[in-house]
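Structure data follow from my_file.cif (mmCIF, C-alpha atoms and all ligand atoms):
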```cif
data_coords
#
loop_
_atom_site.group_PDB
_atom_site.id
_atom_site.type_symbol
_atom_site.label_atom_id
_atom_site.label_comp_id
_atom_site.auth_asym_id
_atom_site.auth_seq_id
_atom_site.Cartn_x
_atom_site.Cartn_y
_atom_site.Cartn_z
ATOM 1 C CA MET A 1 0.000 0.000 0.000
ATOM 2 C CA SER A 2 1.303 3.425 -0.879
ATOM 3 C CA ALA A 3 2.027 5.873 1.899
ATOM 4 C CA HIS A 4 -0.362 8.438 0.506
ATOM 5 C CA GLU A 5 -3.972 8.208 -0.528
ATOM 6 C CA VAL A 6 -5.787 10.873 -2.563
ATOM 7 C CA VAL A 7 -9.407 11.269 -3.619
ATOM 8 C CA VAL A 8 -9.889 13.283 -6.812
ATOM 9 C CA THR A 9 -13.448 14.175 -7.827
ATOM 10 C CA GLY A 10 -14.293 14.952 -11.446
ATOM 11 C CA ALA A 11 -11.328 12.760 -12.346
ATOM 12 C CA GLY A 12 -12.967 10.954 -15.262
ATOM 13 C CA GLN A 13 -11.583 13.577 -17.630
ATOM 14 C CA GLY A 14 -9.931 16.986 -17.894
ATOM 15 C CA ILE A 15 -8.027 18.562 -15.019
ATOM 16 C CA GLY A 16 -9.143 15.892 -12.552
ATOM 17 C CA ALA A 17 -7.866 13.083 -14.797
ATOM 18 C CA ALA A 18 -4.506 14.831 -15.256
ATOM 19 C CA THR A 19 -4.335 15.304 -11.476
ATOM 20 C CA ALA A 20 -5.096 11.631 -10.810
ATOM 21 C CA ALA A 21 -2.369 10.643 -13.276
ATOM 22 C CA LEU A 22 0.197 12.957 -11.681
ATOM 23 C CA PHE A 23 -0.502 11.741 -8.135
ATOM 24 C CA ALA A 24 -0.287 8.125 -9.313
ATOM 25 C CA SER A 25 3.036 8.821 -11.038
ATOM 26 C CA ARG A 26 4.320 10.105 -7.688
ATOM 27 C CA GLY A 27 3.361 6.910 -5.896
ATOM 28 C CA TRP A 28 0.042 8.007 -4.394
ATOM 29 C CA THR A 29 -2.947 5.667 -4.457
ATOM 30 C CA VAL A 30 -5.882 7.356 -6.144
ATOM 31 C CA THR A 31 -9.645 7.118 -5.762
ATOM 32 C CA VAL A 32 -10.929 8.366 -9.112
ATOM 33 C CA ALA A 33 -14.429 9.698 -8.394
ATOM 34 C CA ASP A 34 -16.712 10.992 -11.125
ATOM 35 C CA LEU A 35 -20.388 11.290 -11.965
ATOM 36 C CA ASP A 36 -19.461 9.235 -15.018
ATOM 37 C CA GLY A 37 -18.622 5.962 -13.285
ATOM 38 C CA THR A 38 -17.517 4.323 -16.535
ATOM 39 C CA ALA A 39 -14.962 7.082 -17.167
ATOM 40 C CA ALA A 40 -13.818 6.878 -13.536
ATOM 41 C CA ARG A 41 -13.263 3.120 -13.718
ATOM 42 C CA ALA A 42 -11.511 3.414 -17.092
ATOM 43 C CA MET A 43 -9.183 6.046 -15.621
ATOM 44 C CA ALA A 44 -8.397 3.856 -12.609
ATOM 45 C CA ASP A 45 -7.706 0.912 -14.957
ATOM 46 C CA ARG A 46 -5.302 3.136 -16.882
ATOM 47 C CA LEU A 47 -3.508 4.153 -13.672
ATOM 48 C CA ASN A 48 -3.242 0.514 -12.580
ATOM 49 C CA ALA A 49 -1.862 -0.462 -16.006
ATOM 50 C CA ASP A 50 0.606 2.452 -16.066
ATOM 51 C CA HIS A 51 1.771 1.786 -12.494
ATOM 52 C CA PRO A 52 1.858 -1.966 -11.903
ATOM 53 C CA SER A 53 3.779 -1.400 -8.660
ATOM 54 C CA SER A 54 0.526 -0.053 -7.163
ATOM 55 C CA GLY A 55 -0.777 -3.637 -7.183
ATOM 56 C CA GLY A 56 -4.063 -2.550 -8.733
ATOM 57 C CA ALA A 57 -4.864 -0.281 -5.776
ATOM 58 C CA HIS A 58 -6.248 2.643 -7.799
ATOM 59 C CA ARG A 59 -10.046 2.591 -7.766
ATOM 60 C CA GLY A 60 -12.673 4.236 -9.939
ATOM 61 C CA VAL A 61 -16.101 5.015 -8.502
ATOM 62 C CA GLY A 62 -19.282 6.586 -9.810
ATOM 63 C CA VAL A 63 -20.025 9.438 -7.427
ATOM 64 C CA ASP A 64 -22.405 12.383 -7.546
ATOM 65 C CA VAL A 65 -20.710 14.852 -5.209
ATOM 66 C CA THR A 66 -24.012 16.654 -4.666
ATOM 67 C CA ARG A 67 -25.266 13.579 -2.792
ATOM 68 C CA GLU A 68 -23.981 13.489 0.739
ATOM 69 C CA ASN A 69 -24.406 9.739 0.868
ATOM 70 C CA ASP A 70 -22.167 9.227 -2.179
ATOM 71 C CA ALA A 71 -19.455 11.255 -0.462
ATOM 72 C CA ARG A 72 -19.835 9.207 2.722
ATOM 73 C CA GLU A 73 -19.524 5.985 0.712
ATOM 74 C CA VAL A 74 -16.203 7.128 -0.761
ATOM 75 C CA ALA A 75 -14.892 7.731 2.761
ATOM 76 C CA ALA A 76 -16.328 4.445 4.062
ATOM 77 C CA ALA A 77 -14.720 2.433 1.250
ATOM 78 C CA LEU A 78 -11.308 3.812 2.229
ATOM 79 C CA THR A 79 -11.877 3.069 5.905
ATOM 80 C CA GLU A 80 -12.987 -0.477 5.117
ATOM 81 C CA ALA A 81 -9.800 -0.969 3.091
ATOM 82 C CA GLY A 82 -7.774 0.239 6.085
ATOM 83 C CA ARG A 83 -6.784 3.429 4.293
ATOM 84 C CA ALA A 84 -7.068 7.127 5.040
ATOM 85 C CA ALA A 85 -6.951 10.027 2.621
ATOM 86 C CA SER A 86 -4.004 12.399 2.856
ATOM 87 C CA ALA A 87 -5.523 14.663 0.223
ATOM 88 C CA LEU A 88 -8.850 15.538 -1.336
ATOM 89 C CA VAL A 89 -9.006 17.378 -4.662
ATOM 90 C CA ASN A 90 -12.459 18.819 -5.366
ATOM 91 C CA CYS A 91 -12.306 18.997 -9.156
ATOM 92 C CA ALA A 92 -15.885 18.073 -10.139
ATOM 93 C CA GLY A 93 -17.442 20.955 -11.972
ATOM 94 C CA ILE A 94 -20.017 22.099 -14.508
ATOM 95 C CA ILE A 95 -20.741 25.388 -16.240
ATOM 96 C CA ALA A 96 -23.866 27.103 -17.547
ATOM 97 C CA ARG A 97 -23.667 29.881 -20.103
ATOM 98 C CA MET A 98 -26.527 32.340 -20.621
ATOM 99 C CA PRO A 99 -27.329 36.011 -20.093
ATOM 100 C CA ALA A 100 -27.907 36.768 -16.399
ATOM 101 C CA GLU A 101 -31.481 37.882 -17.048
ATOM 102 C CA GLU A 102 -32.227 34.444 -18.507
ATOM 103 C CA GLN A 103 -30.538 32.448 -15.741
ATOM 104 C CA ASP A 104 -33.026 29.738 -14.749
ATOM 105 C CA THR A 105 -33.283 28.527 -11.203
ATOM 106 C CA ASP A 106 -32.635 24.865 -12.009
ATOM 107 C CA SER A 107 -29.285 25.425 -13.677
ATOM 108 C CA TRP A 108 -28.364 28.088 -11.080
ATOM 109 C CA ASN A 109 -29.024 25.570 -8.320
ATOM 110 C CA ARG A 110 -27.194 22.766 -10.113
ATOM 111 C CA VAL A 111 -24.029 24.842 -10.740
ATOM 112 C CA LEU A 112 -23.899 26.117 -7.153
ATOM 113 C CA THR A 113 -24.680 22.688 -5.749
ATOM 114 C CA VAL A 114 -21.997 20.841 -7.732
ATOM 115 C CA HIS A 115 -19.235 23.336 -6.903
ATOM 116 C CA LEU A 116 -20.181 24.331 -3.366
ATOM 117 C CA THR A 117 -22.322 21.600 -1.801
ATOM 118 C CA GLY A 118 -20.216 19.011 -3.637
ATOM 119 C CA ALA A 119 -16.960 20.319 -2.170
ATOM 120 C CA LEU A 120 -18.620 20.569 1.244
ATOM 121 C CA ASN A 121 -19.964 17.001 1.111
ATOM 122 C CA MET A 122 -16.586 15.559 0.157
ATOM 123 C CA SER A 123 -14.637 17.692 2.640
ATOM 124 C CA LYS A 124 -16.980 16.780 5.505
ATOM 125 C CA ALA A 125 -16.946 13.073 4.646
ATOM 126 C CA LEU A 126 -13.149 12.929 4.524
ATOM 127 C CA PHE A 127 -12.550 15.288 7.476
ATOM 128 C CA PRO A 128 -11.958 12.471 10.020
ATOM 129 C CA GLN A 129 -9.376 10.868 7.726
ATOM 130 C CA LEU A 130 -7.642 14.149 6.880
ATOM 131 C CA LYS A 131 -7.447 14.860 10.607
ATOM 132 C CA THR A 132 -5.685 11.529 11.152
ATOM 133 C CA THR A 133 -3.240 12.003 8.292
ATOM 134 C CA GLY A 134 -2.665 15.756 8.693
ATOM 135 C CA GLY A 135 -3.832 15.971 5.111
ATOM 136 C CA SER A 136 -5.069 18.750 2.885
ATOM 137 C CA VAL A 137 -7.915 19.797 0.620
ATOM 138 C CA VAL A 138 -7.341 21.445 -2.745
ATOM 139 C CA ASN A 139 -10.348 23.178 -4.273
ATOM 140 C CA ILE A 140 -10.536 24.487 -7.818
ATOM 141 C CA ALA A 141 -11.268 28.194 -8.118
ATOM 142 C CA SER A 142 -11.216 30.099 -11.426
ATOM 143 C CA VAL A 143 -10.601 33.486 -12.998
ATOM 144 C CA GLY A 144 -14.277 33.829 -12.012
ATOM 145 C CA SER A 145 -13.097 33.963 -8.377
ATOM 146 C CA THR A 146 -11.412 37.288 -9.277
ATOM 147 C CA PHE A 147 -13.337 38.704 -12.237
ATOM 148 C CA GLY A 148 -16.971 38.987 -13.146
ATOM 149 C CA LEU A 149 -17.634 36.558 -16.022
ATOM 150 C CA PRO A 150 -20.402 37.846 -18.309
ATOM 151 C CA GLY A 151 -22.732 35.060 -19.428
ATOM 152 C CA ARG A 152 -21.578 32.762 -16.616
ATOM 153 C CA LEU A 153 -23.307 34.240 -13.576
ATOM 154 C CA ALA A 154 -23.869 30.978 -11.678
ATOM 155 C CA TYR A 155 -20.348 29.742 -12.405
ATOM 156 C CA ALA A 156 -18.603 32.962 -11.329
ATOM 157 C CA THR A 157 -20.796 33.111 -8.219
ATOM 158 C CA ALA A 158 -19.940 29.494 -7.373
ATOM 159 C CA LYS A 159 -16.225 30.050 -7.928
ATOM 160 C CA SER A 160 -16.276 33.140 -5.687
ATOM 161 C CA GLY A 161 -18.013 30.942 -3.103
ATOM 162 C CA VAL A 162 -15.286 28.319 -3.472
ATOM 163 C CA MET A 163 -12.813 30.873 -2.148
ATOM 164 C CA GLY A 164 -15.070 31.724 0.796
ATOM 165 C CA MET A 165 -15.218 28.023 1.622
ATOM 166 C CA THR A 166 -11.473 27.570 1.114
ATOM 167 C CA ARG A 167 -10.572 30.432 3.439
ATOM 168 C CA THR A 168 -13.080 29.467 6.125
ATOM 169 C CA LEU A 169 -12.118 25.782 6.188
ATOM 170 C CA ALA A 170 -8.436 26.786 6.225
ATOM 171 C CA VAL A 171 -9.058 28.824 9.350
ATOM 172 C CA GLU A 172 -11.403 26.346 11.031
ATOM 173 C CA TRP A 173 -9.461 23.155 10.298
ATOM 174 C CA GLY A 174 -5.938 24.567 10.608
ATOM 175 C CA ARG A 175 -5.933 23.565 14.286
ATOM 176 C CA TYR A 176 -6.257 19.934 13.190
ATOM 177 C CA GLY A 177 -3.262 20.228 10.885
ATOM 178 C CA ILE A 178 -5.513 20.174 7.820
ATOM 179 C CA ARG A 179 -4.544 22.703 5.147
ATOM 180 C CA VAL A 180 -7.161 23.951 2.670
ATOM 181 C CA ASN A 181 -6.087 25.764 -0.478
ATOM 182 C CA ALA A 182 -7.279 26.448 -4.005
ATOM 183 C CA VAL A 183 -5.806 26.564 -7.477
ATOM 184 C CA ALA A 184 -7.307 29.193 -9.787
ATOM 185 C CA PRO A 185 -6.736 28.090 -13.388
ATOM 186 C CA GLY A 186 -7.028 30.344 -16.396
ATOM 187 C CA TYR A 187 -8.428 28.827 -19.575
ATOM 188 C CA VAL A 188 -7.435 25.168 -19.869
ATOM 189 C CA ALA A 189 -7.714 22.904 -22.923
ATOM 190 C CA THR A 190 -10.488 20.667 -21.561
ATOM 191 C CA GLU A 191 -14.061 19.842 -22.564
ATOM 192 C CA MET A 192 -15.350 22.698 -20.388
ATOM 193 C CA VAL A 193 -13.544 25.261 -22.553
ATOM 194 C CA ARG A 194 -13.981 23.331 -25.814
ATOM 195 C CA SER A 195 -17.766 23.340 -25.315
ATOM 196 C CA GLY A 196 -17.672 27.140 -25.068
ATOM 197 C CA LEU A 197 -15.508 27.410 -28.195
ATOM 198 C CA ARG A 198 -17.872 25.095 -30.109
ATOM 199 C CA THR A 199 -20.971 27.143 -29.321
ATOM 200 C CA GLY A 200 -19.210 30.466 -29.878
ATOM 201 C CA ALA A 201 -19.705 31.492 -26.223
ATOM 202 C CA LEU A 202 -15.903 31.733 -26.038
ATOM 203 C CA SER A 203 -13.534 33.028 -28.723
ATOM 204 C CA GLU A 204 -10.109 31.398 -28.780
ATOM 205 C CA GLY A 205 -8.587 34.510 -30.380
ATOM 206 C CA ALA A 206 -9.970 36.725 -27.625
ATOM 207 C CA LEU A 207 -8.828 34.313 -24.903
ATOM 208 C CA LEU A 208 -5.299 34.135 -26.253
ATOM 209 C CA ALA A 209 -5.129 37.909 -26.767
ATOM 210 C CA ARG A 210 -6.196 38.363 -23.147
ATOM 211 C CA THR A 211 -3.660 35.834 -21.750
ATOM 212 C CA PRO A 212 -0.068 37.150 -21.408
ATOM 213 C CA LEU A 213 1.383 33.682 -22.179
ATOM 214 C CA LYS A 214 -0.692 33.614 -25.400
ATOM 215 C CA ARG A 215 -1.904 30.031 -25.099
ATOM 216 C CA LEU A 216 -4.358 27.849 -23.218
ATOM 217 C CA ALA A 217 -3.055 25.838 -20.264
ATOM 218 C CA GLU A 218 -2.672 22.088 -20.499
ATOM 219 C CA PRO A 219 -4.513 20.142 -17.754
ATOM 220 C CA GLU A 220 -1.137 18.806 -16.574
ATOM 221 C CA GLU A 221 -0.013 22.350 -15.721
ATOM 222 C CA ILE A 222 -2.967 22.754 -13.369
ATOM 223 C CA ALA A 223 -2.352 19.288 -11.923
ATOM 224 C CA ALA A 224 1.227 20.279 -11.072
ATOM 225 C CA ALA A 225 0.006 23.209 -8.965
ATOM 226 C CA ILE A 226 -2.611 21.030 -7.259
ATOM 227 C CA ALA A 227 0.028 18.412 -6.413
ATOM 228 C CA PHE A 228 2.303 21.131 -5.024
ATOM 229 C CA LEU A 229 -0.410 22.401 -2.674
ATOM 230 C CA ALA A 230 -1.128 18.842 -1.485
ATOM 231 C CA SER A 231 2.552 18.103 -0.921
ATOM 232 C CA ASP A 232 4.825 18.683 2.060
ATOM 233 C CA ASP A 233 6.540 21.412 -0.007
ATOM 234 C CA ALA A 234 3.448 23.500 0.789
ATOM 235 C CA SER A 235 3.414 22.540 4.479
ATOM 236 C CA PHE A 236 2.792 26.141 5.656
ATOM 237 C CA VAL A 237 0.535 27.188 2.782
ATOM 238 C CA ASN A 238 -3.038 27.443 4.055
ATOM 239 C CA GLY A 239 -6.019 29.391 2.722
ATOM 240 C CA ALA A 240 -4.167 30.387 -0.443
ATOM 241 C CA MET A 241 -5.448 30.823 -3.968
ATOM 242 C CA LEU A 242 -2.650 29.876 -6.340
ATOM 243 C CA ARG A 243 -3.282 31.492 -9.722
ATOM 244 C CA VAL A 244 -2.275 29.283 -12.642
ATOM 245 C CA ASP A 245 -3.636 31.506 -15.387
ATOM 246 C CA GLY A 246 -0.688 32.569 -17.522
ATOM 247 C CA GLY A 247 -0.902 36.050 -15.972
ATOM 248 C CA LEU A 248 -4.487 36.688 -17.087
ATOM 249 C CA THR A 249 -5.786 38.137 -13.817
ATOM 250 C CA VAL A 250 -2.829 40.482 -13.266
ATOM 251 C CA ASP A 251 -2.931 41.956 -16.771
ATOM 252 C CA GLY A 252 -4.116 45.555 -16.586
ATOM 253 C CA THR A 253 -3.741 46.174 -20.327
ATOM 254 C CA PHE A 254 -6.755 47.807 -21.939
HETATM 255 N N1 LIG A 301 -11.184 24.154 -18.077
HETATM 256 C C1 LIG A 301 -10.933 25.346 -17.582
HETATM 257 O O1 LIG A 301 -10.513 26.258 -18.297
HETATM 258 C C2 LIG A 301 -11.161 25.633 -16.117
HETATM 259 C C3 LIG A 301 -10.762 26.881 -15.642
HETATM 260 C C4 LIG A 301 -10.944 27.176 -14.285
HETATM 261 C C5 LIG A 301 -11.505 26.234 -13.455
HETATM 262 N N2 LIG A 301 -11.886 25.023 -13.952
HETATM 263 C C6 LIG A 301 -12.469 24.086 -13.010
HETATM 264 O O2 LIG A 301 -11.693 22.911 -12.990
HETATM 265 C C7 LIG A 301 -12.531 21.807 -12.616
HETATM 266 C C8 LIG A 301 -12.394 20.717 -13.667
HETATM 267 O O3 LIG A 301 -12.792 21.258 -14.914
HETATM 268 P P1 LIG A 301 -12.433 20.594 -16.324
HETATM 269 O O4 LIG A 301 -12.070 21.697 -17.225
HETATM 270 O O5 LIG A 301 -11.524 19.461 -16.125
HETATM 271 O O6 LIG A 301 -13.902 20.123 -16.734
HETATM 272 P P2 LIG A 301 -14.431 18.818 -17.456
HETATM 273 O O7 LIG A 301 -15.801 19.162 -17.895
HETATM 274 O O8 LIG A 301 -13.449 18.325 -18.464
HETATM 275 O O9 LIG A 301 -14.484 17.731 -16.262
HETATM 276 C C9 LIG A 301 -15.346 17.881 -15.189
HETATM 277 C C10 LIG A 301 -15.635 16.515 -14.608
HETATM 278 O O10 LIG A 301 -16.487 16.690 -13.457
HETATM 279 C C11 LIG A 301 -17.429 15.646 -13.475
HETATM 280 N N3 LIG A 301 -18.632 16.025 -12.714
HETATM 281 C C12 LIG A 301 -19.569 16.941 -13.039
HETATM 282 N N4 LIG A 301 -20.533 16.948 -12.105
HETATM 283 C C13 LIG A 301 -20.200 16.038 -11.173
HETATM 284 C C14 LIG A 301 -20.816 15.581 -9.981
HETATM 285 N N5 LIG A 301 -22.001 16.068 -9.574
HETATM 286 N N6 LIG A 301 -20.187 14.629 -9.247
HETATM 287 C C15 LIG A 301 -19.014 14.116 -9.669
HETATM 288 N N7 LIG A 301 -18.393 14.485 -10.798
HETATM 289 C C16 LIG A 301 -18.979 15.441 -11.542
HETATM 290 C C17 LIG A 301 -17.746 15.429 -14.941
HETATM 291 O O11 LIG A 301 -18.338 14.161 -15.167
HETATM 292 C C18 LIG A 301 -16.364 15.580 -15.572
HETATM 293 O O12 LIG A 301 -15.692 14.344 -15.670
HETATM 294 C C19 LIG A 301 -13.939 22.379 -12.504
HETATM 295 O O13 LIG A 301 -14.198 22.727 -11.166
HETATM 296 C C20 LIG A 301 -13.871 23.634 -13.337
HETATM 297 O O14 LIG A 301 -14.835 24.564 -12.942
HETATM 298 C C21 LIG A 301 -11.733 24.695 -15.265
#
```
I need this file expressed as structure tokens, please.
Amino acid sequence: MSAHEVVVTGAGQGIGAATAALFASRGWTVTVADLDGTAARAMADRLNADHPSSGGAHRGVGVDVTRENDAREVAAALTEAGRAASALVNCAGIIARMPAEEQDTDSWNRVLTVHLTGALNMSKALFPQLKTTGGSVVNIASVGSTFGLPGRLAYATAKSGVMGMTRTLAVEWGRYGIRVNAVAPGYVATEMVRSGLRTGALSEGALLARTPLKRLAEPEEIAAAIAFLASDDASFVNGAMLRVDGGLTVDGTF
């Protein structure tokens, strides 16, 4: 059994999948949790194939983070296996794009629930284990935690809330040796951004013009920052938002 155990939500694809792969490459055992259970299990199979030394310990599970019971089951499965999480990465996410005046209550509730209630459910469920291991939580913020994002009211509101949750848990759980931080990615080449490019809600030219590094991020670049915050190298980093946005949110050019 590896020394370190991590649970990554939303790890069936995108940033979560890249994060699961990076942790596994560093010898961590990964619970790949995703609403898409098939994608989660396929990802865990890939990790087990890529890292035979893990002895097939990586597991994929279908989890809806908005359901408190699903979160509890993830924690219970680890306990039953005699394991305890040293890190939780709350990467599950969805986006809704529409003018604010057309924002419907159902999609508003769903976006806020996935990002906020989901992170809360997982953090609460794994709290006893993180307390035992002196572990950490890494949440995923966004440029929407800094800027207003026209056409993405629910998403920007949720991502601002993620920072409120990150800071408050950092303060409240610091006494238990649990650190809580967030990574705030810029625009990353994943399905979330591709869907916006496909519909025309996002313009790649405008995104690149607005990003000092003049490119999208690769999911692996976000994973690297997440792994840093979960590692002992960040042992005194607590309540931080680490921007991994190519300089987007510090660019005052207009
Ligand atoms: N892609 C970007 O540019 C970008 C930028 C900033 C922040 N983020 C954030 O990073 C995180 C990952 O985004 P991504 O780009 O990899 O997106 P993605 O759409 O590629 O992957 C998101 C994953 O979350 C899963 N998911 C959705 N709802 C879930 C639920 N209720 N329970 C469990 N899993 C659920 C999906 O099945 C999917 O596998 C999200 O929180 C997103 O808001 C992304």
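Once the PyMOL selection byres (((chain A and resi 56) around 12) and not hetatm) is applied to this file, the selection holds Met1, Ser2, Ala24, Thr29, Val30, Thr31, Arg41, Ala44, Asp45, Arg46, Leu47, Asn48, Ala49, Asp50, His51, Pro52, Ser53, Ser54, Gly55, Ala57, His58, Arg59 and Gly60 of chain A.
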Quiz item: Using only C-alpha atoms and all ligand atoms, which protein or nucleic acid residues are at most 6 Å from ligand LIG 301 (chain A), as a PyMOL selection string?
Solution: chain A and resi 9-16+34-36+63-66+91-94+114+140-142+185-188+190-193
Practice problem: With a distance cut-off of 12 Å and all atoms listed in the file, select the neighbouring residues of Leu216 in chain A, excluding the residue or stretch itself and same-chain residues fewer than 6 positions from it, and output the selection as a list in words. | Solution: Pro185, Gly186, Tyr187, Val188, Ala189, Thr190, Val193, Arg194, Ser203, Glu204, Gly205, Ala206, Leu207, Leu208, Ala209, Arg210, Ile222, Val244, Asp245, Gly246, Gly247 and Leu248 of chain A
Self-check item: Residues selected by the PyMOL selection byres (((chain A and resi 134) around 10) and not hetatm), written as number ranges by chain
Solution: A: 85-87, 127-133, 135-136, 174, 176-179
Quiz item: What gap, in Å, lies between CA of Thr199 in chain A and CA of Ala96 in chain A?
Solution: 12.1 Å
Exercise. Skip range 180-182 of chain A itself and residues of its chain fewer than 2 positions away, then list as number ranges by chain all residues within 10 Å of it, counting all atoms listed in the file.
Key: A: 87-90, 123, 135-142, 162-163, 165-174, 177-178, 184-185, 225-226, 229-230, 234, 237-243
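Relative to CA of Phe254 in chain A, CA of Pro212 in chain A is found at 12.6 Å.
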Taking only C-alpha atoms into account, produce a table as a tab-separated table in which each residue of range 102-202 of chain A with an atom at most 7 Å from an atom of range 71-76 of chain A appears once, together with its shortest atom pair and the distance in Å to one decimal, ordered by chain and rising number.
```
residue	atom	partner	partner_atom	distance
A:Asn121	CA	A:Ala71	CA	6.0
A:Met122	CA	A:Ala71	CA	5.2
A:Ala125	CA	A:Arg72	CA	5.2
A:Leu126	CA	A:Ala75	CA	5.8
```
Kindly provide, as JSON, the centre and edge lengths (Å, one decimal) of an axis-aligned box around all atoms of range 72-84 of chain A given in the file, with 4 Å on each side.
```
{"center_x": -13.3, "center_y": 4.1, "center_z": 2.7, "size_x": 21.1, "size_y": 18.2, "size_z": 14.8}
```
Exercise. To one decimal in Å, tell me the separation between CA of Glu68 in chain A and CA of Gly118 in chain A.
Key: 8.0 Å
